[in-house]
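Novice: Mind looking over this structure? Questions follow.
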Amino acid sequence: MTMTLAGAMLLSLFGCQSMPPIHTVAQVDLERFMGDWYVIANIPTFIEKDAYNAVESYRLAEDGSIPTTFTFNKGGYDGPLKTYTPRAVVRDTASNAVWDMQFVWPFKSEYRIILLTTDYSQTVVGRTKRDYVWIMARTPSLLEGDYRKILQFLEQEGYDIGKVKKVPQKPGG
């Protein structure tokens, strides 16, 4: 009994420690951010394993929330189409870079825009836990040099880039 109590106390001490905050971009113009983003690579959630042609689409609603449509083919380019429709709420309205994404009520998931090119052609969404990440672009592919720079950035932010997997995108969309 004493050993179980001591173990629980140790777990609570170490479990309460958090990762250092992950940086976000200074400002996101929500209107420009809306639209389709091809998922180039990610540390996949259980939903995204074996995803092909993954696209995340955002729309700004009148109430300020962001209805999202996430589609992909499961298991291959011609696999069954899967569609998920979470809704985001901007948590940090000063920067618009921190969102809560909700797939199932009442659970919300942290969503931090940690990289965004000035032309809004590439973005990276991460989490403080560094457990998931999404590299996205307005086109179905990135130049290899751009991809390598993003991986270097992720490594500097504390991500295990060995877990990042490219998402197959059918040429031509």
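Following the order of the structure tokens, chains are lettered A, B, ..., residues in each are numbered from 1, and ligands are numbered from 1.
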Please list as a ChimeraX atom specification every residue within 8 Å of Arg59 of chain A, counting only C-alpha atoms and excluding residues in the same chain fewer than 4 positions away.

Specialist: /A:34-35,66-68

Novice: What does the file look like for those residues with C-alpha atoms, as an mmCIF file, in the first residue's frame?

Specialist:
```
data_model
loop_
_atom_site.group_PDB
_atom_site.id
_atom_site.type_symbol
_atom_site.label_atom_id
_atom_site.label_comp_id
_atom_site.auth_asym_id
_atom_site.auth_seq_id
_atom_site.Cartn_x
_atom_site.Cartn_y
_atom_site.Cartn_z
ATOM 1 C CA MET A 34 -9.395 30.330 -44.493
ATOM 2 C CA GLY A 35 -9.725 27.886 -47.378
ATOM 3 C CA ILE A 66 -14.238 28.146 -37.668
ATOM 4 C CA PRO A 67 -16.155 25.200 -39.115
ATOM 5 C CA THR A 68 -13.567 22.783 -40.456
#
```

Novice: Give me the residues near Val28 of chain A as number ranges by chain, where near means some atom within 9 Å (using only C-alpha atoms) and where sequence neighbours in that chain fewer than 3 positions away do not count.

Specialist: A: 25, 31-33, 95-97, 113, 116

Novice: What is the distance, in Å and to one decimal place, between atom CA of Thr45 of chain A and atom CA of Val167 of chain A?

Specialist: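 Answer for the atom CA of Thr45 of chain A to atom CA of Val167 of chain A separation: 12.4 Å.
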
Novice: Excluding Pro168 of chain A and any residue of its chain fewer than 2 positions from it, enumerate the residues within 8 Å of it, using only C-alpha atoms, and give them as number ranges by chain.

Specialist: A: 40, 51-53, 77, 166, 170

Novice: Kindly provide the residues of segment 30-121 of chain A that approach segment 125-146 of chain A to within 7 Å, each paired with its closest atom pair and their distance in Å to one decimal, based on only C-alpha atoms, listed by chain and increasing number, as a Markdown table.

Specialist:
```
| residue | atom | partner | partner_atom | distance |
| --- | --- | --- | --- | --- |
| A:Asp36 | CA | A:Arg138 | CA | 6.5 |
| A:Trp37 | CA | A:Arg138 | CA | 5.0 |
| A:Tyr38 | CA | A:Ala137 | CA | 5.3 |
| A:Val39 | CA | A:Met136 | CA | 4.5 |
| A:Ile40 | CA | A:Met136 | CA | 5.2 |
| A:Ala41 | CA | A:Ile135 | CA | 5.2 |
| A:Asn42 | CA | A:Trp134 | CA | 4.4 |
| A:Ile43 | CA | A:Tyr132 | CA | 4.9 |
| A:Pro44 | CA | A:Tyr132 | CA | 6.4 |
| A:Thr45 | CA | A:Tyr132 | CA | 6.9 |
| A:Glu110 | CA | A:Arg127 | CA | 6.0 |
| A:Tyr111 | CA | A:Arg127 | CA | 5.9 |
| A:Arg112 | CA | A:Gly126 | CA | 5.2 |
| A:Ile113 | CA | A:Val125 | CA | 4.5 |
| A:Ile114 | CA | A:Val125 | CA | 5.7 |
| A:Ser121 | CA | A:Arg138 | CA | 5.2 |
```

Novice: For the selection you just gave me, I'd like the residues written to a file as a PDB file, in the first residue's frame, keeping C-alpha atoms.

Specialist:
```pdb
ATOM      1  CA  ASP A  36      -8.084  24.613 -48.340  1.00  0.00           C
ATOM      2  CA  TRP A  37      -4.780  23.345 -46.955  1.00  0.00           C
ATOM      3  CA  TYR A  38      -3.174  20.123 -48.209  1.00  0.00           C
ATOM      4  CA  VAL A  39      -1.633  18.075 -45.405  1.00  0.00           C
ATOM      5  CA  ILE A  40       1.929  17.505 -46.626  1.00  0.00           C
ATOM      6  CA  ALA A  41       3.174  15.670 -43.534  1.00  0.00           C
ATOM      7  CA  ASN A  42       2.227  15.112 -39.919  1.00  0.00           C
ATOM      8  CA  ILE A  43       2.695  13.193 -36.760  1.00  0.00           C
ATOM      9  CA  PRO A  44      -0.589  11.412 -37.352  1.00  0.00           C
ATOM     10  CA  THR A  45      -3.415  10.963 -34.920  1.00  0.00           C
ATOM     11  CA  GLU A 110      -4.988  22.615 -28.592  1.00  0.00           C
ATOM     12  CA  TYR A 111      -4.172  23.907 -32.070  1.00  0.00           C
ATOM     13  CA  ARG A 112      -1.268  26.384 -32.388  1.00  0.00           C
ATOM     14  CA  ILE A 113      -0.196  28.015 -35.645  1.00  0.00           C
ATOM     15  CA  ILE A 114       3.565  27.924 -35.177  1.00  0.00           C
ATOM     16  CA  SER A 121       1.142  29.368 -48.832  1.00  0.00           C
TER      17      SER A 121
END
```

Novice: If I take atom CA of Arg148 of chain A and atom CA of Thr69 of chain A, how far is one from the other in Å, to one decimal?

Specialist: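 Computing it gives 27.6 Å between the two atoms.
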
Novice: Could you pull out the residues in chain A that DSSP calls strand (DSSP E) from the backbone, as JSON, numbers by chain?

Specialist: {"A": [35, 36, 37, 38, 39, 40, 41, 42, 43, 51, 52, 53, 54, 55, 56, 57, 58, 66, 67, 68, 69, 70, 71, 72, 73, 74, 81, 82, 83, 84, 87, 88, 89, 90, 98, 99, 100, 101, 102, 103, 104, 107, 108, 109, 110, 111, 112, 113, 114, 115, 116, 122, 123, 124, 125, 126, 133, 134, 135, 136, 137, 165, 166]}

Novice: Export, as a short mmCIF file (atom, residue, chain, number, x, y, z; two decimals), in the first residue's frame, the selected residues with C-alpha atoms.

Specialist:
```
data_model
loop_
_atom_site.label_atom_id
_atom_site.label_comp_id
_atom_site.auth_asym_id
_atom_site.auth_seq_id
_atom_site.Cartn_x
_atom_site.Cartn_y
_atom_site.Cartn_z
CA GLY A 35 -9.72 27.89 -47.38
CA ASP A 36 -8.08 24.61 -48.34
CA TRP A 37 -4.78 23.34 -46.96
CA TYR A 38 -3.17 20.12 -48.21
CA VAL A 39 -1.63 18.08 -45.40
CA ILE A 40 1.93 17.51 -46.63
CA ALA A 41 3.17 15.67 -43.53
CA ASN A 42 2.23 15.11 -39.92
CA ILE A 43 2.70 13.19 -36.76
CA ALA A 51 -4.48 8.74 -44.95
CA TYR A 52 -4.02 9.77 -48.59
CA ASN A 53 -5.00 13.06 -50.26
CA ALA A 54 -5.62 14.73 -46.88
CA VAL A 55 -7.08 18.25 -47.05
CA GLU A 56 -8.10 20.52 -44.18
CA SER A 57 -10.62 23.25 -45.13
CA TYR A 58 -11.50 26.21 -42.92
CA ILE A 66 -14.24 28.15 -37.67
CA PRO A 67 -16.15 25.20 -39.12
CA THR A 68 -13.57 22.78 -40.46
CA THR A 69 -13.83 19.95 -42.95
CA PHE A 70 -11.06 17.35 -42.93
CA THR A 71 -11.16 14.85 -45.81
CA PHE A 72 -8.88 12.04 -46.93
CA ASN A 73 -8.92 8.69 -48.65
CA LYS A 74 -8.31 5.79 -46.27
CA LEU A 81 -13.39 8.97 -48.58
CA LYS A 82 -13.42 9.90 -44.89
CA THR A 83 -14.80 13.24 -43.75
CA TYR A 84 -14.62 14.84 -40.30
CA ARG A 87 -15.19 23.26 -35.22
CA ALA A 88 -12.49 25.62 -33.96
CA VAL A 89 -12.72 28.60 -31.67
CA VAL A 90 -9.93 31.17 -31.54
CA VAL A 98 -4.11 29.67 -30.77
CA TRP A 99 -7.32 27.75 -31.34
CA ASP A 100 -9.33 25.10 -29.57
CA MET A 101 -10.39 22.41 -32.06
CA GLN A 102 -13.41 20.35 -31.05
CA PHE A 103 -14.14 17.02 -32.73
CA VAL A 104 -16.46 15.72 -30.02
CA PHE A 107 -13.38 17.68 -25.58
CA LYS A 108 -11.16 20.36 -27.11
CA SER A 109 -7.71 19.98 -28.57
CA GLU A 110 -4.99 22.62 -28.59
CA TYR A 111 -4.17 23.91 -32.07
CA ARG A 112 -1.27 26.38 -32.39
CA ILE A 113 -0.20 28.01 -35.65
CA ILE A 114 3.57 27.92 -35.18
CA LEU A 115 4.72 28.75 -38.69
CA LEU A 116 3.02 30.70 -41.47
CA GLN A 122 2.63 27.17 -46.07
CA THR A 123 1.75 26.66 -42.43
CA VAL A 124 2.58 24.40 -39.53
CA VAL A 125 0.14 23.64 -36.74
CA GLY A 126 1.52 22.20 -33.54
CA VAL A 133 1.99 18.32 -35.85
CA TRP A 134 0.64 19.18 -39.29
CA ILE A 135 2.71 20.61 -42.14
CA MET A 136 0.28 22.08 -44.67
CA ALA A 137 0.40 23.99 -47.93
CA LYS A 165 5.33 11.11 -41.85
CA LYS A 166 4.67 12.46 -45.33
#
```

Novice: Which one is closest to Gly76 of chain A: A:Ile22, A:Gly64, A:Asp92, A:Gln169? Count only C-alpha atoms.

Specialist: A:Gln169

Novice: My list of candidates is A:Val164, A:Leu30, A:Ile47, A:Leu154. Which is closest to Ala61 of chain A when distances are computed with only C-alpha atoms?

Specialist: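 Nearest candidate to Ala61 of chain A out of A:Val164, A:Leu30, A:Ile47, A:Leu154: A:Leu30.
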
Novice: Among the residues of chain A, find those DSSP assigns to alpha helix (DSSP H) from the backbone and print them as a ChimeraX atom specification.

Specialist: /A:2-16,30-33,144-156
